Amino acid sequence: MSLDNYLYLSAILFTIGAVGVVVRRNAIVVFMCVELMLNAANLTLVTFSRINGSLDGQVIAFFTMVVAACEVVVGLAIIVTIYRSRRSASIDDASLLKR
Amino acid sequence: MVTNSGLIYLIALPLFGALSLLLLGRRADKWGHLLATAMSASAFGVGLFQLSEMLNREAESRPVTQKLFSWISVGTFNVDASLLLDQLSICFVLLITGVGTLIHIYSISYMSHDPDRRRFFAYLNLFIAAMLLLVLGDSYLNLYVGWEGVGLASYLLIGFWNQKAAYATASKKAFVMNRIGDMGLSFAIMIAFASLGTVSFSGVKEHAHHASEATMTAIGIMLLVAAVGKSAQFPLQAWLGDAMAGPTPVSALIHAATMVTAGVYLIVRSNFVFDAAPTAQLLVVIVGAITLMFGALVGTAKDDIKKALAASTMSQIGYMILGAGLGPAGYAFAIMHLLTHGFFKAGMFLGAGSVMHGMNDEVNMRRYGGLRKFMPITFITFGLGYLAIIGVPPFAGFYSKDMIIETALNAGGAKGIILGSVALLGAAITAFYMTRVMILTFTSSKRWDDNQHPHESPILMWLPMAILAIGSVTSGFLLSRGETLKHWLEPLFEEHGEHTELLPPIVVSGLALLMVAIGVAIAVIKYQLSEVDAVAPEDVTVFTRIARRDLLQDDINEALFMRPGQALTSALVKVDQSVVDGAVHGMGKMALSSGSVLRKSQTGFVRSYAVLILIGAAALIAAIWVVTK
């Protein structure tokens, strides 16, 4: 099996994630789509690492995972706080920065 | 050159007086005038001491200097703040402090009812200090400091009663017109610095011979501009008449005896410049000749006694400038006329002040008349000054003015004949207008109301007048006997070779006296033997009208400079408002309007930002792909 298929898969996953971020309103779903995009990127890195026979990509993938874990912690905390104060998890409701 | 550490006291004493009176304020009200007078008198004492020291030395070692401190030291350019007292400056030092002290004494009484007498004396002392710095500076830069100082003192004193708007305007006018002259002096200094590399008198004198004539002419013309501004010469003469707004002692000290003669001092001091620049020298005599006629003509039409005397001052300084422009032959006579004029004109101004004092500050001579009986001392002292100014022998003006007329006639060729005739004609007109002042004030029939009570002034006022009158009688004889002043000043000037004589001196004197007699006779017929109107007649010829309007000097200045200047400034204001402010405000408006357009893209919805980020990232990748393909 060609390694290219992994790239196609990660492209598909990334697209799904991106579309999800743009079209969905629920903050949790948007958040999961962001995770999907991050993991698609990870898959790409690992694939290229395999293709090139270098471990650099895998190292970076680990870093991405660490960042993603931190991001989950902070992001979920924000979402929970917003939900508590506004009784809604819709990101369109949280548009106060405009004013 | 001999150094002398005593020169600084000449300036320091009056400066101390001025500063303490100004800084102590109301606390010094009771004794301020006494301190100021004492300071001026002690400066006079220092001057006399310096004179006696100077007389004990040989002619070539008479000048003394004192270095105060090193002022500017840049590379090879060095200017020290140092003082120079030589044969020329000592004349001025004694005139300034001597006449100055007399006027201080006079002012004690004259200003006794003024609530601001202390401030007046502070300014007088400031003036004395600045004027002494002017004549003692050993370089043009030091002179410039004093030059500006006397301008400031003059401004402050003309506007002393600045609660009257007209007086405040007069002081501003004097200040602004003086500024034009000051600009000339600063240009002269800059040219000397740029082309000769030095601004000291001795340095410029050394370079005078081998510098190009164009440079010397440029410096000379700029110095002439300076002299013209300070000495109220044509075409910057318009401020002097209005300067009479100041208290009368100020008119006597600053605007008759000392400050206005600073221009003559500058030209005589810069004799080496003018000797090396014939064109500039010619301009000097032209300015002098025009002004002596100008002032004399204005003097014939003025009814205000102080303005008539001011016009006369202008005319007499015209004589001095004329003398100074005649080169080595005339310098000493210019200075001699300056000194004698200092006596008789200051005396006459004080006399005018005394008359005003007795007549409730009335200045219109048409409202005087017959004051001889009521003010005998004023009449006699004023009369002696009058005989001196019109040039009757043996009074002072005869010697000095006669010498200038004679030198002018002997200047050679058509120039000599023209200048000589102008000077002679000026003498006739001087005799006419001064006789007019005399008759209108003292001898004609009474034209004042019965509620006026003319009376003689107190001793503090008439004593200075009497001393100045003695000076008016004797100074000319003393200074010209054995050519004392000429020999005294000789070491300062270049020798002049040929000495032509158009007419023998006795004939010149005779001609001058004849002109004087004609002038006096016309005035006597016109004013003494016929009735004088108490109100100036309106049905007069166009010439009288023009002369009453100061030969249209203000109209010309207003039409040529003031209105175009105002138009220029208002145009510039418009440019400023529309172009400069327009650009600045336009920038602000542009930022505001573009901001309000761009603000619409900031919706506040996270998803729209996400789309933009996505599009941006896609565009970036596409761009990289296109570039690297």
# chains A, B, ... in the order shown; residues from 1 in each chain; ligands from 1

call {"tool": "interface_residues", "arguments": {"of": "chain A", "to": "chain B", "cutoff": "12 Å", "atoms": "only C-alpha atoms", "output": "list in words"}}
result
Phe14, Thr15, Gly17, Ala18, Val19, Gly20, Val21, Val22, Val23, Arg24, Arg25, Asn26, Ala27, Val30, Phe31, Val34, Met37, Ser90, Ile91, Asp92, Asp93, Ala94, Ser95, Leu96, Leu97, Lys98 and Arg99 of chain A

call {"tool": "write_last_selection", "arguments": {"atoms": "N, CA and C atoms", "output": "short mmCIF file (atom, residue, chain, number, x, y, z; two decimals), in the first residue's frame"}}
result
data_model
loop_
_atom_site.label_atom_id
_atom_site.label_comp_id
_atom_site.auth_asym_id
_atom_site.auth_seq_id
_atom_site.Cartn_x
_atom_site.Cartn_y
_atom_site.Cartn_z
N PHE A 14 -8.54 16.70 7.74
CA PHE A 14 -8.34 18.13 7.96
C PHE A 14 -9.52 18.92 7.40
N THR A 15 -9.95 18.53 6.20
CA THR A 15 -11.07 19.24 5.57
C THR A 15 -12.33 19.10 6.41
N GLY A 17 -12.48 18.59 9.55
CA GLY A 17 -12.29 19.44 10.73
C GLY A 17 -12.55 20.89 10.42
N ALA A 18 -11.94 21.39 9.33
CA ALA A 18 -12.07 22.80 8.98
C ALA A 18 -13.52 23.16 8.72
N VAL A 19 -14.19 22.32 7.91
CA VAL A 19 -15.61 22.59 7.62
C VAL A 19 -16.41 22.58 8.91
N GLY A 20 -16.08 21.63 9.80
CA GLY A 20 -16.79 21.56 11.07
C GLY A 20 -16.63 22.83 11.88
N VAL A 21 -15.40 23.36 11.95
CA VAL A 21 -15.14 24.60 12.71
C VAL A 21 -15.98 25.74 12.14
N VAL A 22 -16.07 25.79 10.79
CA VAL A 22 -16.74 26.93 10.18
C VAL A 22 -18.26 26.82 10.29
N VAL A 23 -18.80 25.60 10.12
CA VAL A 23 -20.26 25.53 10.00
C VAL A 23 -20.97 25.22 11.33
N ARG A 24 -20.34 24.56 12.26
CA ARG A 24 -21.04 24.20 13.49
C ARG A 24 -21.02 25.34 14.49
N ARG A 25 -22.12 25.36 15.36
CA ARG A 25 -22.19 26.44 16.34
C ARG A 25 -21.82 25.96 17.73
N ASN A 26 -22.07 24.71 18.00
CA ASN A 26 -21.82 24.19 19.33
C ASN A 26 -20.33 24.20 19.63
N ALA A 27 -19.97 24.84 20.73
CA ALA A 27 -18.57 25.04 21.05
C ALA A 27 -17.83 23.72 21.21
N VAL A 30 -17.16 22.31 17.75
CA VAL A 30 -16.08 23.10 17.13
C VAL A 30 -14.74 22.68 17.71
N PHE A 31 -14.74 22.46 19.00
CA PHE A 31 -13.53 22.09 19.70
C PHE A 31 -13.01 20.74 19.22
N VAL A 34 -11.45 21.07 15.89
CA VAL A 34 -10.08 21.60 15.98
C VAL A 34 -9.12 20.46 16.29
N MET A 37 -8.43 18.52 13.26
CA MET A 37 -7.46 19.16 12.37
C MET A 37 -6.03 18.95 12.88
N SER A 90 -23.25 27.96 22.47
CA SER A 90 -23.14 28.41 21.07
C SER A 90 -22.06 29.48 20.97
N ILE A 91 -21.15 29.27 20.04
CA ILE A 91 -20.06 30.26 19.95
C ILE A 91 -20.55 31.56 19.34
N ASP A 92 -21.66 31.57 18.62
CA ASP A 92 -22.16 32.83 18.05
C ASP A 92 -22.72 33.74 19.13
N ASP A 93 -23.11 33.14 20.25
CA ASP A 93 -23.60 33.98 21.34
C ASP A 93 -22.45 34.74 22.02
N ALA A 94 -21.26 34.15 21.94
CA ALA A 94 -20.12 34.80 22.60
C ALA A 94 -19.41 35.73 21.62
N SER A 95 -20.13 36.78 21.20
CA SER A 95 -19.52 37.70 20.21
C SER A 95 -19.33 39.09 20.83
N LEU A 96 -19.00 39.10 22.10
CA LEU A 96 -18.90 40.39 22.80
C LEU A 96 -17.65 41.19 22.44
N LEU A 97 -16.64 40.55 21.90
CA LEU A 97 -15.39 41.25 21.57
C LEU A 97 -15.61 42.39 20.60
N LYS A 98 -16.69 42.27 19.81
CA LYS A 98 -16.98 43.30 18.81
C LYS A 98 -17.20 44.64 19.49
N ARG A 99 -17.83 44.63 20.67
CA ARG A 99 -18.20 45.91 21.28
C ARG A 99 -17.13 46.46 22.21
#

call {"tool": "residues_around", "arguments": {"residues": "Leu43 of chain A", "least_positions_apart": "4", "cutoff": "12 Å", "atoms": "only C-alpha atoms", "output": "PyMOL selection string"}}
result
chain A and resi 3-14+36-39+47-50+57-58+60-62+64-65

call {"tool": "write_last_selection", "arguments": {"atoms": "N, CA and C atoms", "output": "PDB file, in the first residue's frame"}}
result
ATOM      1  N   LEU A   3       2.221   4.922   0.684  1.00  0.00           N
ATOM      2  CA  LEU A   3       2.131   5.833   1.839  1.00  0.00           C
ATOM      3  C   LEU A   3       1.279   7.055   1.513  1.00  0.00           C
ATOM      4  N   ASP A   4       1.087   7.341   0.193  1.00  0.00           N
ATOM      5  CA  ASP A   4       0.285   8.493  -0.215  1.00  0.00           C
ATOM      6  C   ASP A   4      -1.111   8.451   0.366  1.00  0.00           C
ATOM      7  N   ASN A   5      -1.644   7.224   0.563  1.00  0.00           N
ATOM      8  CA  ASN A   5      -3.009   7.112   1.072  1.00  0.00           C
ATOM      9  C   ASN A   5      -3.155   7.760   2.444  1.00  0.00           C
ATOM     10  N   TYR A   6      -2.081   7.654   3.237  1.00  0.00           N
ATOM     11  CA  TYR A   6      -2.135   8.327   4.554  1.00  0.00           C
ATOM     12  C   TYR A   6      -2.298   9.834   4.389  1.00  0.00           C
ATOM     13  N   LEU A   7      -1.615  10.319   3.356  1.00  0.00           N
ATOM     14  CA  LEU A   7      -1.722  11.770   3.121  1.00  0.00           C
ATOM     15  C   LEU A   7      -3.136  12.141   2.697  1.00  0.00           C
ATOM     16  N   TYR A   8      -3.705  11.318   1.812  1.00  0.00           N
ATOM     17  CA  TYR A   8      -5.077  11.602   1.387  1.00  0.00           C
ATOM     18  C   TYR A   8      -5.995  11.584   2.589  1.00  0.00           C
ATOM     19  N   LEU A   9      -5.798  10.570   3.447  1.00  0.00           N
ATOM     20  CA  LEU A   9      -6.653  10.453   4.634  1.00  0.00           C
ATOM     21  C   LEU A   9      -6.539  11.698   5.499  1.00  0.00           C
ATOM     22  N   SER A  10      -5.279  12.118   5.723  1.00  0.00           N
ATOM     23  CA  SER A  10      -5.115  13.276   6.603  1.00  0.00           C
ATOM     24  C   SER A  10      -5.715  14.511   5.964  1.00  0.00           C
ATOM     25  N   ALA A  11      -5.626  14.635   4.626  1.00  0.00           N
ATOM     26  CA  ALA A  11      -6.250  15.769   3.952  1.00  0.00           C
ATOM     27  C   ALA A  11      -7.748  15.742   4.169  1.00  0.00           C
ATOM     28  N   ILE A  12      -8.345  14.551   4.043  1.00  0.00           N
ATOM     29  CA  ILE A  12      -9.795  14.439   4.229  1.00  0.00           C
ATOM     30  C   ILE A  12     -10.167  14.816   5.654  1.00  0.00           C
ATOM     31  N   LEU A  13      -9.389  14.256   6.627  1.00  0.00           N
ATOM     32  CA  LEU A  13      -9.675  14.557   8.040  1.00  0.00           C
ATOM     33  C   LEU A  13      -9.584  16.062   8.301  1.00  0.00           C
ATOM     34  N   PHE A  14      -8.543  16.696   7.744  1.00  0.00           N
ATOM     35  CA  PHE A  14      -8.343  18.127   7.960  1.00  0.00           C
ATOM     36  C   PHE A  14      -9.517  18.925   7.404  1.00  0.00           C
ATOM     37  N   LEU A  36      -9.544  17.415  15.550  1.00  0.00           N
ATOM     38  CA  LEU A  36      -9.454  16.601  14.335  1.00  0.00           C
ATOM     39  C   LEU A  36      -8.409  17.177  13.383  1.00  0.00           C
ATOM     40  N   MET A  37      -8.432  18.515  13.257  1.00  0.00           N
ATOM     41  CA  MET A  37      -7.459  19.156  12.365  1.00  0.00           C
ATOM     42  C   MET A  37      -6.034  18.948  12.885  1.00  0.00           C
ATOM     43  N   LEU A  38      -5.883  19.065  14.185  1.00  0.00           N
ATOM     44  CA  LEU A  38      -4.551  18.872  14.764  1.00  0.00           C
ATOM     45  C   LEU A  38      -4.042  17.459  14.492  1.00  0.00           C
ATOM     46  N   ASN A  39      -4.945  16.475  14.656  1.00  0.00           N
ATOM     47  CA  ASN A  39      -4.521  15.093  14.465  1.00  0.00           C
ATOM     48  C   ASN A  39      -4.266  14.788  13.002  1.00  0.00           C
ATOM     49  N   THR A  47       3.540  10.618   8.505  1.00  0.00           N
ATOM     50  CA  THR A  47       3.666  10.016   7.180  1.00  0.00           C
ATOM     51  C   THR A  47       4.921  10.507   6.480  1.00  0.00           C
ATOM     52  N   PHE A  48       5.132  11.813   6.499  1.00  0.00           N
ATOM     53  CA  PHE A  48       6.331  12.337   5.830  1.00  0.00           C
ATOM     54  C   PHE A  48       7.598  11.851   6.513  1.00  0.00           C
ATOM     55  N   SER A  49       7.500  11.690   7.838  1.00  0.00           N
ATOM     56  CA  SER A  49       8.646  11.150   8.563  1.00  0.00           C
ATOM     57  C   SER A  49       8.987   9.754   8.037  1.00  0.00           C
ATOM     58  N   ARG A  50       7.955   9.017   7.789  1.00  0.00           N
ATOM     59  CA  ARG A  50       8.135   7.647   7.258  1.00  0.00           C
ATOM     60  C   ARG A  50       8.708   7.698   5.844  1.00  0.00           C
ATOM     61  N   GLY A  57       9.756  14.479  11.926  1.00  0.00           N
ATOM     62  CA  GLY A  57       8.300  14.635  11.876  1.00  0.00           C
ATOM     63  C   GLY A  57       7.645  14.034  13.094  1.00  0.00           C
ATOM     64  N   GLN A  58       8.131  12.856  13.512  1.00  0.00           N
ATOM     65  CA  GLN A  58       7.515  12.196  14.667  1.00  0.00           C
ATOM     66  C   GLN A  58       7.733  13.008  15.928  1.00  0.00           C
ATOM     67  N   ILE A  60       8.049  16.218  16.113  1.00  0.00           N
ATOM     68  CA  ILE A  60       7.145  17.367  16.079  1.00  0.00           C
ATOM     69  C   ILE A  60       5.727  16.926  16.418  1.00  0.00           C
ATOM     70  N   ALA A  61       5.339  15.719  15.957  1.00  0.00           N
ATOM     71  CA  ALA A  61       4.005  15.200  16.270  1.00  0.00           C
ATOM     72  C   ALA A  61       3.806  15.093  17.770  1.00  0.00           C
ATOM     73  N   PHE A  62       4.869  14.684  18.463  1.00  0.00           N
ATOM     74  CA  PHE A  62       4.752  14.620  19.934  1.00  0.00           C
ATOM     75  C   PHE A  62       4.512  15.989  20.529  1.00  0.00           C
ATOM     76  N   THR A  64       3.096  18.484  19.107  1.00  0.00           N
ATOM     77  CA  THR A  64       1.733  18.865  18.774  1.00  0.00           C
ATOM     78  C   THR A  64       0.757  18.258  19.770  1.00  0.00           C
ATOM     79  N   MET A  65       1.017  16.990  20.118  1.00  0.00           N
ATOM     80  CA  MET A  65       0.111  16.328  21.070  1.00  0.00           C
ATOM     81  C   MET A  65       0.139  17.041  22.414  1.00  0.00           C
TER      82      MET A  65
END

call {"tool": "residues_around", "arguments": {"residues": "Val80 of chain A", "least_positions_apart": "6", "cutoff": "12 Å", "atoms": "only C-alpha atoms", "output": "list in words"}}
result
Ala27, Ile28, Val72, Val73, Val74, Arg86, Arg87, Ser88, Ala89 and Ser90 of chain A

call {"tool": "residues_around", "arguments": {"residues": "segment 315-325 of chain B", "least_positions_apart": "3", "cutoff": "9 Å", "atoms": "only C-alpha atoms", "output": "PyMOL selection string"}}
result
chain B and resi 227+231-234+260-261+263-265+267-268+271+274+280-297+299+310-312+328-338+341+389+401+403-405+407-408+419+423+426+430

call {"tool": "atom_distance", "arguments": {"atom1": "atom CA of Met348 of chain B", "atom2": "atom CA of Gly385 of chain B"}}
result
6.0 Å

call {"tool": "residues_around", "arguments": {"residues": "His209 of chain B", "least_positions_apart": "3", "cutoff": "9 Å", "atoms": "only C-alpha atoms", "output": "tab-separated table (two decimals) with N, CA and C atoms, in the first residue's frame"}}
result
chain	number	residue	atom	x	y	z
B	205	LYS	N	39.85	96.12	11.98
B	205	LYS	CA	40.72	97.21	11.51
B	205	LYS	C	41.94	96.65	10.79
B	206	GLU	N	42.53	95.57	11.35
B	206	GLU	CA	43.69	94.96	10.70
B	206	GLU	C	43.36	94.46	9.31
B	212	SER	N	38.64	92.53	0.55
B	212	SER	CA	38.12	93.09	-0.69
B	212	SER	C	37.19	94.26	-0.37
B	213	GLU	N	37.11	95.19	-1.31
B	213	GLU	CA	36.29	96.38	-1.08
B	213	GLU	C	34.82	95.99	-0.97
B	272	PHE	N	37.44	102.70	10.18
B	272	PHE	CA	38.29	101.92	9.27
B	272	PHE	C	37.48	101.20	8.20
B	273	VAL	N	36.26	100.79	8.56
B	273	VAL	CA	35.40	100.13	7.57
B	273	VAL	C	35.00	101.14	6.49
B	276	ALA	N	37.58	102.29	4.06
B	276	ALA	CA	37.91	101.31	3.04
B	276	ALA	C	36.75	101.05	2.09

call {"tool": "atom_distance", "arguments": {"atom1": "atom CA of Ser61 of chain B", "atom2": "atom CA of Pro491 of chain B"}}
result
10.1 Å

call {"tool": "closest_residue", "arguments": {"among": "B:Ala428, B:Ile219, B:Ala277, B:Ala122", "to": "Met190 of chain B", "atoms": "only C-alpha atoms"}}
result
B:Ile219

call {"tool": "select_by_dssp", "arguments": {"residues": "segment 251-443 of chain B", "states": "helix (DSSP H, G or I)", "output": "CSV table (one decimal) with C-alpha atoms, in the first residue's frame"}}
result
chain,number,residue,atom,x,y,z
B,251,SER,CA,13.2,112.1,25.9
B,252,ALA,CA,16.1,114.3,27.1
B,253,LEU,CA,18.4,111.4,28.0
B,254,ILE,CA,17.7,108.7,25.6
B,255,HIS,CA,16.0,110.3,22.6
B,256,ALA,CA,18.1,113.4,22.5
B,257,ALA,CA,21.5,113.2,24.2
B,259,MET,CA,20.9,106.6,22.7
B,260,VAL,CA,19.9,108.1,19.4
B,261,THR,CA,23.5,109.2,18.9
B,262,ALA,CA,24.7,105.6,19.2
B,263,GLY,CA,24.5,105.4,15.4
B,264,VAL,CA,27.0,108.2,15.1
B,265,TYR,CA,29.2,106.4,17.6
B,266,LEU,CA,29.0,103.2,15.5
B,267,ILE,CA,30.0,104.9,12.3
B,268,VAL,CA,32.8,106.8,13.9
B,269,ARG,CA,34.0,103.7,15.8
B,271,ASN,CA,35.9,104.5,10.7
B,272,PHE,CA,38.3,101.9,9.3
B,273,VAL,CA,35.4,100.1,7.6
B,274,PHE,CA,34.0,103.3,6.0
B,275,ASP,CA,37.5,104.5,5.0
B,278,PRO,CA,33.8,104.7,-0.4
B,279,THR,CA,30.4,103.6,-1.6
B,280,ALA,CA,29.1,103.0,2.0
B,281,GLN,CA,30.7,106.3,3.0
B,282,LEU,CA,28.8,108.1,0.2
B,283,LEU,CA,25.6,106.5,1.4
B,284,VAL,CA,26.3,107.7,4.9
B,285,VAL,CA,26.5,111.4,3.8
B,286,ILE,CA,23.4,111.0,1.6
B,287,VAL,CA,21.4,109.6,4.6
B,288,GLY,CA,22.8,112.4,6.8
B,289,ALA,CA,21.9,115.1,4.3
B,290,ILE,CA,18.4,113.8,3.6
B,291,THR,CA,17.7,113.4,7.3
B,292,LEU,CA,19.0,116.9,8.3
B,293,MET,CA,16.6,118.4,5.8
B,294,PHE,CA,13.8,116.0,6.7
B,295,GLY,CA,13.9,116.7,10.4
B,296,ALA,CA,14.2,120.4,9.9
B,297,LEU,CA,11.2,120.5,7.6
B,298,VAL,CA,9.1,118.5,10.1
B,299,GLY,CA,10.2,120.7,12.9
B,300,THR,CA,8.8,123.8,11.2
B,301,ALA,CA,5.2,122.4,11.3
B,305,ILE,CA,6.8,121.2,21.8
B,306,LYS,CA,8.4,117.8,22.4
B,307,LYS,CA,7.7,116.6,18.8
B,308,ALA,CA,9.3,119.8,17.5
B,309,LEU,CA,12.4,119.1,19.6
B,310,ALA,CA,12.3,115.5,18.4
B,311,ALA,CA,12.3,116.6,14.8
B,312,SER,CA,15.2,118.9,15.6
B,313,THR,CA,17.1,116.0,17.2
B,314,MET,CA,16.6,114.0,14.1
B,315,SER,CA,17.9,116.9,12.0
B,316,GLN,CA,20.9,117.5,14.3
B,317,ILE,CA,21.8,113.8,14.2
B,318,GLY,CA,21.6,114.2,10.4
B,319,TYR,CA,24.4,116.7,10.8
B,320,MET,CA,26.4,114.3,12.8
B,321,ILE,CA,25.9,111.4,10.4
B,322,LEU,CA,26.8,113.8,7.6
B,323,GLY,CA,30.0,114.7,9.4
B,324,ALA,CA,30.8,111.1,10.1
B,325,GLY,CA,30.3,110.3,6.5
B,328,PRO,CA,38.7,111.4,8.6
B,329,ALA,CA,38.1,115.1,8.1
B,330,GLY,CA,34.7,114.9,9.7
B,331,TYR,CA,34.8,112.2,12.5
B,332,ALA,CA,36.0,114.6,15.2
B,333,PHE,CA,33.5,117.2,14.2
B,334,ALA,CA,30.7,114.7,14.2
B,335,ILE,CA,31.7,113.7,17.8
B,336,MET,CA,32.0,117.3,18.8
B,337,HIS,CA,28.5,118.1,17.5
B,338,LEU,CA,27.3,115.0,19.3
B,339,LEU,CA,28.7,116.2,22.6
B,340,THR,CA,27.5,119.8,22.3
B,341,HIS,CA,24.2,118.6,21.1
B,342,GLY,CA,24.1,116.3,24.1
B,343,PHE,CA,24.2,119.5,26.3
B,344,PHE,CA,21.9,121.8,24.6
B,345,LYS,CA,19.3,119.4,23.4
B,346,ALA,CA,19.1,117.6,26.8
B,347,GLY,CA,18.8,121.1,28.4
B,348,MET,CA,16.0,122.1,26.0
B,349,PHE,CA,14.1,118.9,26.6
B,350,LEU,CA,14.4,119.4,30.3
B,351,GLY,CA,13.2,123.0,29.7
B,352,ALA,CA,10.2,121.7,27.8
B,353,GLY,CA,9.5,119.3,30.7
B,354,SER,CA,9.7,122.3,33.1
B,355,VAL,CA,7.2,124.2,30.9
B,356,MET,CA,4.9,121.2,30.8
B,357,HIS,CA,5.3,120.8,34.6
B,358,GLY,CA,4.1,124.4,35.0
B,365,MET,CA,2.8,125.4,21.9
B,366,ARG,CA,-0.2,127.2,20.6
B,367,ARG,CA,-1.6,127.0,24.1
B,376,PRO,CA,12.4,133.1,34.1
B,377,ILE,CA,15.0,130.4,34.9
B,378,THR,CA,13.5,128.0,32.3
B,379,PHE,CA,13.4,130.8,29.8
B,380,ILE,CA,17.1,131.7,30.3
B,381,THR,CA,18.3,128.1,30.3
B,382,PHE,CA,16.1,127.2,27.3
B,383,GLY,CA,17.2,130.4,25.6
B,384,LEU,CA,20.9,129.5,26.0
B,385,GLY,CA,20.2,126.1,24.5
B,386,TYR,CA,18.3,127.8,21.7
B,387,LEU,CA,21.2,130.1,20.9
B,388,ALA,CA,23.5,127.1,21.0
B,389,ILE,CA,21.5,125.0,18.6
B,390,ILE,CA,20.9,127.7,16.0
B,396,ALA,CA,28.4,125.5,21.5
B,397,GLY,CA,26.4,124.8,18.4
B,398,PHE,CA,28.2,127.5,16.5
B,399,TYR,CA,31.6,125.7,16.7
B,400,SER,CA,30.4,122.2,16.1
B,401,LYS,CA,27.8,122.9,13.3
B,402,ASP,CA,30.1,125.4,11.6
B,403,MET,CA,32.8,122.8,11.4
B,404,ILE,CA,30.5,120.2,9.8
B,405,ILE,CA,29.3,122.8,7.3
B,406,GLU,CA,32.8,123.7,6.5
B,407,THR,CA,34.0,120.1,6.1
B,408,ALA,CA,31.0,119.4,4.0
B,409,LEU,CA,31.8,122.3,1.7
B,413,GLY,CA,33.7,118.9,-6.3
B,414,ALA,CA,29.9,118.8,-6.8
B,415,LYS,CA,29.5,116.6,-3.7
B,416,GLY,CA,31.0,119.3,-1.5
B,417,ILE,CA,28.9,122.1,-3.0
B,418,ILE,CA,25.6,120.1,-2.7
B,419,LEU,CA,26.3,118.8,0.9
B,420,GLY,CA,27.5,122.3,1.9
B,421,SER,CA,24.4,124.0,0.6
B,422,VAL,CA,22.1,121.4,2.2
B,423,ALA,CA,23.9,121.9,5.5
B,424,LEU,CA,23.7,125.7,5.2
B,425,LEU,CA,20.0,125.6,4.2
B,426,GLY,CA,19.4,123.2,7.2
B,427,ALA,CA,21.0,125.8,9.4
B,428,ALA,CA,18.6,128.4,8.2
B,429,ILE,CA,15.6,126.1,8.8
B,430,THR,CA,16.9,125.1,12.2
B,431,ALA,CA,17.1,128.8,13.1
B,432,PHE,CA,13.5,129.3,11.9
B,433,TYR,CA,11.9,126.4,13.7
B,434,MET,CA,13.8,126.9,16.9
B,435,THR,CA,13.0,130.6,16.9
B,436,ARG,CA,9.3,129.6,16.4
B,437,VAL,CA,9.5,127.3,19.4
B,438,MET,CA,11.1,130.1,21.5
B,439,ILE,CA,8.5,132.7,20.4
B,440,LEU,CA,5.4,130.5,20.7
B,441,THR,CA,6.4,129.3,24.2
B,442,PHE,CA,8.1,132.3,25.9
B,443,THR,CA,7.7,135.6,24.2
